[in-house]
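> This is coords30.txt, which holds compact mmCIF, C-alpha atoms:
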```txt
# COMPACT_ATOMS: atom_id res chain seq x y z
CA ILE A 1 8.70 -0.54 2.74
CA GLY A 2 7.68 1.49 5.75
CA PHE A 3 7.89 4.99 4.30
CA ALA A 4 4.28 5.64 5.39
CA ARG A 5 5.57 5.81 8.97
CA LYS A 6 7.81 8.39 10.64
CA GLU A 7 11.50 7.51 10.65
CA GLY A 8 12.80 6.20 13.95
CA ASP A 9 10.84 4.31 16.59
CA GLU A 10 7.50 4.39 14.77
CA ARG A 11 8.95 2.85 11.62
CA GLU A 12 11.07 0.35 13.57
CA ASN A 13 8.13 -0.74 15.75
CA THR A 14 5.90 -1.17 12.69
CA PHE A 15 8.60 -3.24 10.97
CA ALA A 16 8.89 -5.50 14.03
CA ARG A 17 5.10 -5.84 14.30
CA ASP A 18 4.62 -6.64 10.60
CA THR A 19 7.49 -9.13 10.36
CA GLY A 20 6.12 -10.81 13.48
CA TRP A 21 2.72 -11.21 11.84
CA ILE A 22 4.26 -12.63 8.67
CA GLU A 23 6.39 -15.05 10.69
CA GLU A 24 3.33 -16.20 12.63
CA TYR A 25 1.67 -17.40 9.42
CA SER A 26 4.70 -18.60 7.48
CA ASN A 27 7.11 -21.49 7.79
CA LYS A 28 9.35 -20.36 4.94
CA GLY A 29 12.36 -19.03 6.89
CA LEU A 30 12.07 -15.61 5.27
CA GLN A 31 14.61 -12.82 5.54
CA TYR A 32 13.36 -9.29 6.13
CA ILE A 33 14.96 -5.98 5.21
CA SER A 34 13.57 -2.63 6.29
CA ALA A 35 13.70 -0.47 3.17
CA THR A 36 15.65 2.77 3.07
CA LEU A 37 15.29 5.61 0.59
CA GLU A 38 19.02 5.48 -0.14
CA ASP A 39 19.12 1.76 -1.00
CA LEU A 40 15.58 1.12 -2.21
CA GLU A 41 16.43 0.19 -5.79
CA THR A 42 19.03 -2.39 -4.75
CA GLN A 43 16.82 -3.71 -1.96
CA VAL A 44 13.87 -4.19 -4.32
CA HIS A 45 16.03 -5.82 -7.00
CA ASN A 46 17.37 -8.29 -4.40
CA ALA A 47 13.91 -9.12 -3.02
CA ASN A 48 11.42 -11.77 -4.10
CA ALA A 49 8.54 -10.00 -2.38
CA ILE A 50 7.85 -6.44 -1.28
CA PHE A 51 5.47 -5.55 1.54
CA VAL A 52 4.41 -1.92 1.86
CA THR A 53 2.94 -1.14 5.25
CA GLY A 54 0.18 1.24 6.19
CA GLY A 55 0.40 4.68 7.71
CA SER A 56 0.19 8.00 5.91
CA SER A 57 -0.59 7.35 2.25
CA GLU A 58 0.28 10.96 1.47
CA ILE A 59 3.81 10.63 2.90
CA LEU A 60 4.29 7.20 1.30
CA ILE A 61 3.19 8.30 -2.16
CA GLY A 62 5.30 11.45 -1.91
CA ALA A 63 8.38 9.35 -1.12
CA MET A 64 7.66 6.78 -3.83
CA LYS A 65 7.19 9.41 -6.53
CA GLU A 66 10.96 9.88 -6.24
CA PHE A 67 11.28 6.44 -7.85
CA PRO A 68 9.51 6.64 -11.24
CA ASN A 69 10.89 3.22 -12.24
CA PHE A 70 9.46 1.42 -9.21
CA ALA A 71 6.90 -0.43 -11.35
CA SER A 72 9.66 -1.98 -13.47
CA TRP A 73 11.66 -2.88 -10.34
CA ILE A 74 8.83 -5.03 -8.99
CA GLU A 75 8.24 -6.89 -12.24
CA ASN A 76 7.93 -10.66 -11.55
CA LYS A 77 7.83 -10.05 -7.79
CA ILE A 78 5.11 -10.30 -5.19
CA TYR A 79 3.81 -6.92 -4.03
CA ALA A 80 1.67 -6.74 -0.91
CA GLY A 81 0.29 -3.50 0.40
CA SER A 82 -1.55 -2.87 3.65
CA SER A 83 -3.75 0.24 3.84
CA ALA A 84 -1.43 2.98 2.53
CA GLY A 85 0.43 0.26 0.59
CA ALA A 86 -2.81 -0.60 -1.21
CA CYS A 87 -3.50 3.08 -1.86
CA LEU A 88 -0.01 3.46 -3.32
CA ALA A 89 -0.64 0.67 -5.84
CA SER A 90 -4.01 2.07 -6.93
CA THR A 91 -4.76 4.58 -9.66
CA ILE A 92 -7.05 6.50 -7.29
CA TYR A 93 -8.19 5.93 -3.73
CA TYR A 94 -10.42 7.45 -1.11
CA HIS A 95 -8.08 9.37 1.21
CA CYS A 96 -9.71 8.62 4.56
CA SER A 97 -7.96 11.29 6.66
CA HIS A 98 -8.54 14.10 4.18
CA LYS A 99 -11.98 12.90 3.04
CA LYS A 100 -11.14 13.25 -0.64
CA ILE A 101 -10.15 11.30 -3.73
CA SER A 102 -6.38 11.11 -4.24
CA ASP A 103 -4.01 9.59 -6.79
CA GLY A 104 -1.94 6.47 -6.19
CA ILE A 105 0.98 5.69 -8.49
CA GLY A 106 -1.13 3.46 -10.74
CA LEU A 107 0.50 0.06 -10.42
CA LEU A 108 -3.02 -1.35 -10.69
CA PRO A 109 -5.92 0.05 -12.73
CA ILE A 110 -8.19 0.24 -9.67
CA ARG A 111 -10.07 2.58 -7.37
CA VAL A 112 -9.58 1.48 -3.79
CA MET A 113 -11.15 2.12 -0.42
CA VAL A 114 -9.31 0.66 2.58
CA HIS A 115 -10.66 0.14 6.10
CA TYR A 116 -14.16 -0.18 4.64
CA GLY A 117 -16.88 -0.22 7.26
CA ASN A 118 -14.75 1.55 9.85
CA PRO A 119 -16.19 4.97 10.70
CA ASP A 120 -12.95 5.85 12.54
CA PHE A 121 -11.36 5.98 9.07
CA ASN A 122 -14.32 7.74 7.38
CA SER A 123 -14.60 4.58 5.33
CA THR A 124 -18.34 4.10 5.15
CA GLU A 125 -21.09 3.51 2.60
CA GLU A 126 -21.45 7.29 2.30
CA THR A 127 -17.79 7.86 1.43
CA LEU A 128 -17.77 4.82 -0.86
CA ALA A 129 -20.51 6.57 -2.85
CA GLU A 130 -18.08 9.46 -3.34
CA LEU A 131 -15.38 7.14 -4.69
CA LYS A 132 -17.91 5.51 -7.04
CA LYS A 133 -18.40 8.90 -8.76
CA HIS A 134 -14.81 8.89 -10.05
CA ARG A 135 -13.15 6.95 -12.86
CA ASP A 136 -15.87 4.33 -13.27
CA GLU A 137 -13.78 2.62 -15.96
CA LEU A 138 -11.49 1.43 -13.15
CA GLU A 139 -12.32 -1.64 -11.09
CA LEU A 140 -13.62 -0.75 -7.63
CA VAL A 141 -11.81 -2.60 -4.83
CA VAL A 142 -13.33 -2.27 -1.38
CA LEU A 143 -11.19 -3.63 1.46
CA PRO A 144 -12.80 -4.15 4.86
CA GLU A 145 -10.49 -4.36 7.88
CA CYS A 146 -8.11 -7.35 7.77
CA GLU A 147 -9.18 -8.49 4.29
CA TRP A 148 -6.93 -8.91 1.26
CA VAL A 149 -7.52 -9.02 -2.47
CA VAL A 150 -5.07 -10.77 -4.78
CA LYS A 151 -4.50 -9.41 -8.30
CA GLU A 152 -2.16 -10.69 -10.96
CA ILE A 153 -0.89 -8.03 -13.30
CA GLU A 154 1.47 -7.76 -16.18
CA LEU A 155 3.61 -4.66 -16.10
```
Could you show the structure in this file as C-alpha cells?

Amino acid sequence: IGFARKEGDERENTFARDTGWIEEYSNKGLQYISATLEDLETQVHNANAIFVTGGSSEILIGAMKEFPNFASWIENKIYAGSSAGACLASTIYYHCSHKKISDGIGLLPIRVMVHYGNPDFNSTEETLAELKKHRDELELVVLPECEWVVKEIEL
C-alpha cells in the first residue's frame, strides 16, 4: 500500500524500490500488487501479507480512513509498515514533519516514534519527551532508522 506517496512516478518508483528490497532478502517467489483505492478491499482479501510504505503519514491516514473495516480485512494476515505505515497502525504517533502528536487508526495500542535519532526528521530525545507526555497507558515503541519491531495482535 503506497498511498503515502503521490500517485504516478513517485508511487511507482517507491513500489519498485520496496519490492526490490523484499526480493533481496527473500527466496519465497512472492507476487507483488501495488494497491489501488478502487480495488483495495479485494486486493487485501487476496493477500497473505500487506506492506504499507512510508511517505506522508497524513495523506496515508486520510486515505485509509475511507476504509473503516480495514482492521477486519487484515485479520490473520501479516502487516508490515515502514515509517508512515507504522504510524498508520499506531493509536498515536509523533508527526515528525508537523512536530505534533497525531492519531493513527489504532490497529495497535501503541504510541510510536519513527526515524528515532534522526534530527532531519525531528525525531530526537527532545521530541520523544513530548510523545511520552501523551497516553502513557499505551506501549511506547521507538523505531530508530532501519529497525523493526514485531507485534502479534488479535483483532
> List the spatial neighbours of region 138-153 of chain A as a PyMOL selection string - criterion: any atom at most 12 Å away, all atoms listed in the file, same-chain residues fewer than 2 positions off excluded.
chain A and resi 71+74-87+89-94+106-121+123-125+127-136+155
> Which is closer to Leu60 (chain A) than all the others in A:Asn27, A:Glu41, A:Ser72, A:Phe3, using only C-alpha atoms?
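Among the listed residues, the smallest separation from Leu60 (chain A) belongs to A:Phe3.
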> Using only C-alpha atoms, pick whichever of A:Ala63, A:Leu88, A:Ile1, A:Cys96 has the shortest atom-to-atom distance to Gln43 (chain A).
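With only C-alpha atoms as the atom set, the closest residue is A:Ile1.
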> Which distance in Å separates CA of Lys6 (chain A) and CA of Ser57 (chain A), to one decimal?
11.9 Å
> Measuring between only C-alpha atoms, which one of A:Ile101, A:Gly62, A:Gly29, A:Ser34 shows the shortest distance to Glu12 (chain A)?
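Answer, going by the shortest atom-to-atom distance: A:Ser34.
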> What gap, in Å, lies between CA of Thr36 (chain A) and CA of Ile50 (chain A)?
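Answer for the CA of Thr36 (chain A) to CA of Ile50 (chain A) separation: 12.8 Å.
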> Please measure the separation of CA of Lys99 (chain A) and CA of Glu58 (chain A), giving the value in Å to one decimal.
12.5 Å
> Counting only C-alpha atoms, figure out which residue out of A:Lys100, A:Ile33, A:Glu126, A:Gly2 gets nearest to Thr14 (chain A).
A:Gly2
> Determine, counting all atoms listed in the file, which protein, DNA and RNA residues have an atom within 12 Å of an atom of Leu30 (chain A); residues of the same chain fewer than 3 positions away are not included. Present the result as a VMD selection string.
chain A and resid 19 to 20 22 to 27 33 47 to 49
> Please determine an axis-aligned box that encloses all atoms of region 119-138 of chain A listed in the file, with 8 Å added on each side, and express its centre and edge lengths in Å to one decimal as AutoDock Vina command-line options.

```
--center_x -16.4 --center_y 5.4 --center_z -1.7 --size_x 26.1 --size_y 24.0 --size_z 44.5
```
> For Ser56 (chain A), which of A:Arg17, A:Asn122, A:His95, A:Asp9 is the closest residue, counting all atoms listed in the file?
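The shortest atom-to-atom distance to Ser56 (chain A) comes from A:His95.
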> For Arg5 (chain A), which residue among A:Ser97, A:Glu137, A:Gly54, A:Phe70 is the nearest when counting all atoms listed in the file?
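Nearest candidate to Arg5 (chain A) out of A:Ser97, A:Glu137, A:Gly54, A:Phe70: A:Gly54.
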